[in-house]
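coords-v4.cif, holding mmCIF, C-alpha atoms:
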data_model
#
loop_
_atom_site.label_atom_id
_atom_site.label_comp_id
_atom_site.auth_asym_id
_atom_site.auth_seq_id
_atom_site.Cartn_x
_atom_site.Cartn_y
_atom_site.Cartn_z
CA MET N 129 -27.02 90.49 0.62
CA GLN N 130 -25.77 87.99 3.21
CA PRO N 131 -24.98 84.43 2.18
CA THR N 132 -27.32 81.83 3.63
CA ALA N 133 -26.99 78.15 4.47
CA THR N 134 -29.96 75.87 4.05
CA VAL N 135 -30.45 73.34 6.84
CA LEU N 136 -32.96 70.52 6.40
CA VAL N 137 -34.51 69.43 9.71
CA TYR N 138 -36.29 66.06 9.78
CA SER N 139 -38.45 64.99 12.71
CA ASP N 140 -42.02 63.80 13.02
CA ASP N 141 -42.17 65.85 16.24
CA SER N 142 -42.73 69.57 15.73
CA ASN N 143 -41.27 70.23 19.21
CA THR N 144 -37.97 68.66 18.18
CA ARG N 145 -37.88 70.77 15.02
CA ALA N 146 -38.56 73.86 17.18
CA GLN N 147 -35.72 72.89 19.56
CA VAL N 148 -33.33 72.79 16.60
CA ARG N 149 -34.46 76.20 15.34
CA LEU N 150 -34.22 77.76 18.80
CA ALA N 151 -30.82 76.20 19.55
CA THR N 152 -29.37 77.54 16.32
CA GLY N 153 -31.03 80.92 16.09
CA ARG N 154 -30.27 82.81 12.91
CA ARG N 155 -26.60 81.85 12.89
CA PRO N 156 -24.89 79.08 14.91
CA ALA N 157 -21.50 80.89 14.93
CA PRO N 158 -20.21 84.27 13.77
CA ASP N 159 -18.06 82.79 10.98
CA VAL N 160 -20.84 80.81 9.24
CA PRO N 161 -23.73 82.07 7.11
CA VAL N 162 -27.21 82.89 8.33
CA VAL N 163 -29.32 79.72 8.42
CA ARG N 164 -32.55 79.11 6.51
CA TYR N 165 -34.56 76.06 7.59
CA VAL N 166 -36.43 73.52 5.53
CA GLU N 167 -38.57 71.36 7.82
CA CYS N 168 -39.65 67.83 6.94
CA ALA N 169 -41.91 65.51 8.91
CA THR N 170 -41.64 62.42 6.67
CA PRO N 171 -38.80 60.51 4.99
CA ALA N 172 -40.45 61.09 1.60
CA ALA N 173 -40.31 64.86 2.17
CA VAL N 174 -36.59 64.59 3.02
CA LEU N 175 -35.88 62.79 -0.24
CA ALA N 176 -37.96 65.29 -2.22
CA GLU N 177 -36.08 68.25 -0.73
CA LEU N 178 -32.70 66.62 -1.35
CA ASP N 179 -33.71 65.93 -4.96
CA LYS N 180 -34.36 69.67 -5.40
CA GLY N 181 -30.79 70.41 -4.26
CA GLY N 182 -29.46 73.36 -2.32
CA ILE N 183 -29.34 71.69 1.12
CA ASP N 184 -26.10 72.43 2.97
CA VAL N 185 -26.61 70.27 6.10
CA CYS N 186 -29.24 67.76 7.21
CA VAL N 187 -30.33 67.46 10.84
CA LEU N 188 -32.10 64.13 11.32
CA ASP N 189 -33.99 62.97 14.40
CA GLY N 190 -32.86 59.45 15.28
CA GLU N 191 -36.03 59.00 17.34
CA ALA N 192 -38.46 59.91 14.52
CA VAL N 193 -41.36 57.60 13.67
CA PRO N 194 -42.02 55.61 11.48
CA MET N 195 -38.47 55.81 10.08
CA GLY N 196 -35.75 57.11 12.36
CA GLY N 197 -33.05 59.50 11.30
CA MET N 198 -30.43 56.75 11.39
CA GLY N 199 -32.21 54.80 8.67
CA VAL N 200 -32.86 57.97 6.67
CA CYS N 201 -29.19 58.93 7.02
CA ARG N 202 -27.94 55.58 5.77
CA GLN N 203 -30.39 55.72 2.86
CA ILE N 204 -29.44 59.23 1.73
CA LYS N 205 -25.71 58.49 2.08
CA ASP N 206 -26.28 55.56 -0.32
CA GLU N 207 -28.70 57.24 -2.71
CA VAL N 208 -28.03 60.99 -2.87
CA PHE N 209 -25.13 62.15 -5.03
CA ALA N 210 -22.89 64.56 -3.10
CA CYS N 211 -25.00 64.04 0.02
CA PRO N 212 -24.75 66.98 2.41
CA PRO N 213 -23.26 66.39 5.86
CA VAL N 214 -25.65 64.92 8.42
CA LEU N 215 -26.03 65.88 12.07
CA LEU N 216 -27.93 63.12 13.85
CA LEU N 217 -30.01 63.68 16.98
CA ILE N 218 -29.70 60.58 19.18
CA GLY N 219 -31.67 59.56 22.25
CA ARG N 220 -28.73 58.42 24.40
CA PRO N 221 -24.95 58.86 24.31
CA GLN N 222 -24.69 55.06 24.06
CA ASP N 223 -26.33 55.29 20.62
CA ALA N 224 -23.23 56.96 19.15
CA TRP N 225 -22.16 53.66 17.58
CA LEU N 226 -25.46 53.57 15.68
CA ALA N 227 -24.76 57.08 14.39
CA THR N 228 -21.45 55.72 13.08
CA TRP N 229 -23.28 52.80 11.44
CA SER N 230 -25.66 55.22 9.74
CA ARG N 231 -22.66 57.22 8.41
CA ALA N 232 -23.70 60.44 10.15
CA ASP N 233 -21.01 63.12 10.13
CA ALA N 234 -21.80 64.20 13.70
CA ALA N 235 -24.23 63.35 16.49
CA VAL N 236 -25.67 65.13 19.52
CA THR N 237 -28.08 63.87 22.15
CA LEU N 238 -31.68 64.85 22.69
CA PRO N 239 -33.01 67.03 24.16
CA VAL N 240 -31.08 69.58 22.14
CA GLU N 241 -28.49 71.41 24.23
CA PRO N 242 -28.03 74.77 22.44
CA VAL N 243 -24.25 75.26 22.79
CA GLU N 244 -23.37 71.68 21.83
CA PHE N 245 -25.83 71.66 18.94
CA ALA N 246 -24.80 75.05 17.53
CA SER N 247 -21.13 74.05 17.72
CA ALA N 248 -21.73 70.78 15.86
CA LEU N 249 -23.86 72.48 13.21
CA ALA N 250 -21.32 75.28 12.70
CA SER N 251 -18.56 72.70 12.27
CA LEU N 252 -20.51 70.93 9.53
CA LEU N 253 -21.33 74.23 7.81
CA ARG N 254 -17.65 75.19 7.84
CA ARG N 255 -16.71 71.83 6.35
CA ARG N 256 -19.40 72.13 3.68
CA ASN N 257 -18.17 75.61 2.82
CA LEU N 258 -14.58 74.37 2.44
CA THR N 259 -15.51 71.41 0.25
CA SER N 260 -17.81 73.43 -2.03
CA ALA N 261 -15.28 76.22 -2.61
#

Could you write out this file's structure as structure tokens?
Amino acid sequence: MQPTATVLVYSDDSNTRAQVRLATGRRPAPDVPVVRYVECATPAAVLAELDKGGIDVCVLDGEAVPMGGMGVCRQIKDEVFACPPVLLLIGRPQDAWLATWSRADAAVTLPVEPVEFASALASLLRRRNLTSA
């Protein structure tokens, strides 16, 4: 049985969640596990899933409504013990400083560019694998 990585994807927009799934495919890089997705459309659902445990990386949409991924990121970094790494989807490259403020581990711009996104996600999965070993 292959190991899997669980990736939480938060966006109020189902198209954005689909872009993330399509950009990643089953595996973002050959040296990381197959990815299983947990999709959330509300901040409350994100917190509930993180409370259950087992999330390896969070992908948060900075443009989500009513609470953007930057606010969700800052909240979970403050409130969730051993918070998984966060990949933030930002609207413009100029918003990178806000991603830093939110304490995101990485950021990529929307719309999702598959190679850039898969590379960033694989990097966070590798780091998570090294820290949990």

Around all the atoms of range 205-222 of chain N listed in the file, draw an axis-aligned box and extend it by 3 Å on each of the six sides; I want its centre and edge lengths in Å to one decimal, as AutoDock Vina command-line options.
--center_x -27.3 --center_y 61.0 --center_z 9.7 --size_x 14.8 --size_y 17.9 --size_z 35.4

Pick from N:Leu253, N:Leu217, N:Met198, N:Val160: nearest to Trp229 in chain N, with all atoms listed in the file counted?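 Between N:Leu253, N:Leu217, N:Met198, N:Val160, the residue approaching Trp229 in chain N most closely is N:Met198.
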
Between CA of Gly181 in chain N and CA of Leu150 in chain N, what is the distance in Å, rounded to a tenth?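 Interatomic distance here is 24.4 Å.
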
Evaluate the PyMOL selection byres ((chain N and resi 131) around 12) on the structure here and hand back the selected residues as a list in words.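 With the PyMOL selection byres ((chain N and resi 131) around 12) on this model, the match is Met129, Gln130, Thr132, Ala133, Thr134, Arg155, Asp159, Val160, Pro161, Val162, Val163, Arg164 and Asn257 of chain N.
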
Can those selected residues be exported to a file as an mmCIF file, in the frame of the given file so that it contains C-alpha atoms?
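Output contents, as saved in selection-v2.cif:
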data_model
loop_
_atom_site.group_PDB
_atom_site.id
_atom_site.type_symbol
_atom_site.label_atom_id
_atom_site.label_comp_id
_atom_site.auth_asym_id
_atom_site.auth_seq_id
_atom_site.Cartn_x
_atom_site.Cartn_y
_atom_site.Cartn_z
ATOM 1 C CA MET N 129 -27.020 90.490 0.620
ATOM 2 C CA GLN N 130 -25.770 87.990 3.210
ATOM 3 C CA THR N 132 -27.320 81.830 3.630
ATOM 4 C CA ALA N 133 -26.990 78.150 4.470
ATOM 5 C CA THR N 134 -29.960 75.870 4.050
ATOM 6 C CA ARG N 155 -26.600 81.850 12.890
ATOM 7 C CA ASP N 159 -18.060 82.790 10.980
ATOM 8 C CA VAL N 160 -20.840 80.810 9.240
ATOM 9 C CA PRO N 161 -23.730 82.070 7.110
ATOM 10 C CA VAL N 162 -27.210 82.890 8.330
ATOM 11 C CA VAL N 163 -29.320 79.720 8.420
ATOM 12 C CA ARG N 164 -32.550 79.110 6.510
ATOM 13 C CA ASN N 257 -18.170 75.610 2.820
#

Mind pulling up the distance from CA of Val214 in chain N to CA of Ala235 in chain N?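 Value for the CA of Ala235 in chain N-CA of Val214 in chain N distance: 8.3 Å.
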
What is the distance between CA of Ala146 in chain N and CA of Leu216 in chain N, in Å to one decimal?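 These atoms are spaced 15.5 Å apart.
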
Expand the PyMOL selection byres ((chain N and resi 246) around 12) into the individual residues it matches in the shown file, reporting them as a PyMOL selection string. chain N and resi 147-158+160+163+187+215+234-236+240-245+247-253

Leu178 in chain N: which residues within 10 Å, counting only C-alpha atoms, same-chain residues fewer than 5 positions away excluded, as a PyMOL selection string? chain N and resi 136+172-173+183-184+186+204+208-209+211-212

Nearest to Val174 in chain N, chosen from N:Val137, N:Gly199, N:Asp233, N:Thr144, with only C-alpha atoms counted in the distances: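 Looking at the shortest contact to Val174 in chain N, the residue is N:Val137.
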
Return the single residue from N:Pro171, N:Val166, N:Arg145, N:Gln222 that is closest to Val185 in chain N, with distances computed using only C-alpha atoms.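 That would be N:Val166, the residue with the smallest distance to Val185 in chain N.
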
I want to know what sits within 8 Å of Arg231 in chain N, based on all atoms listed in the file, with residues of the same chain fewer than 5 positions away left out; could you give that as a PyMOL selection string? chain N and resi 201-202+205
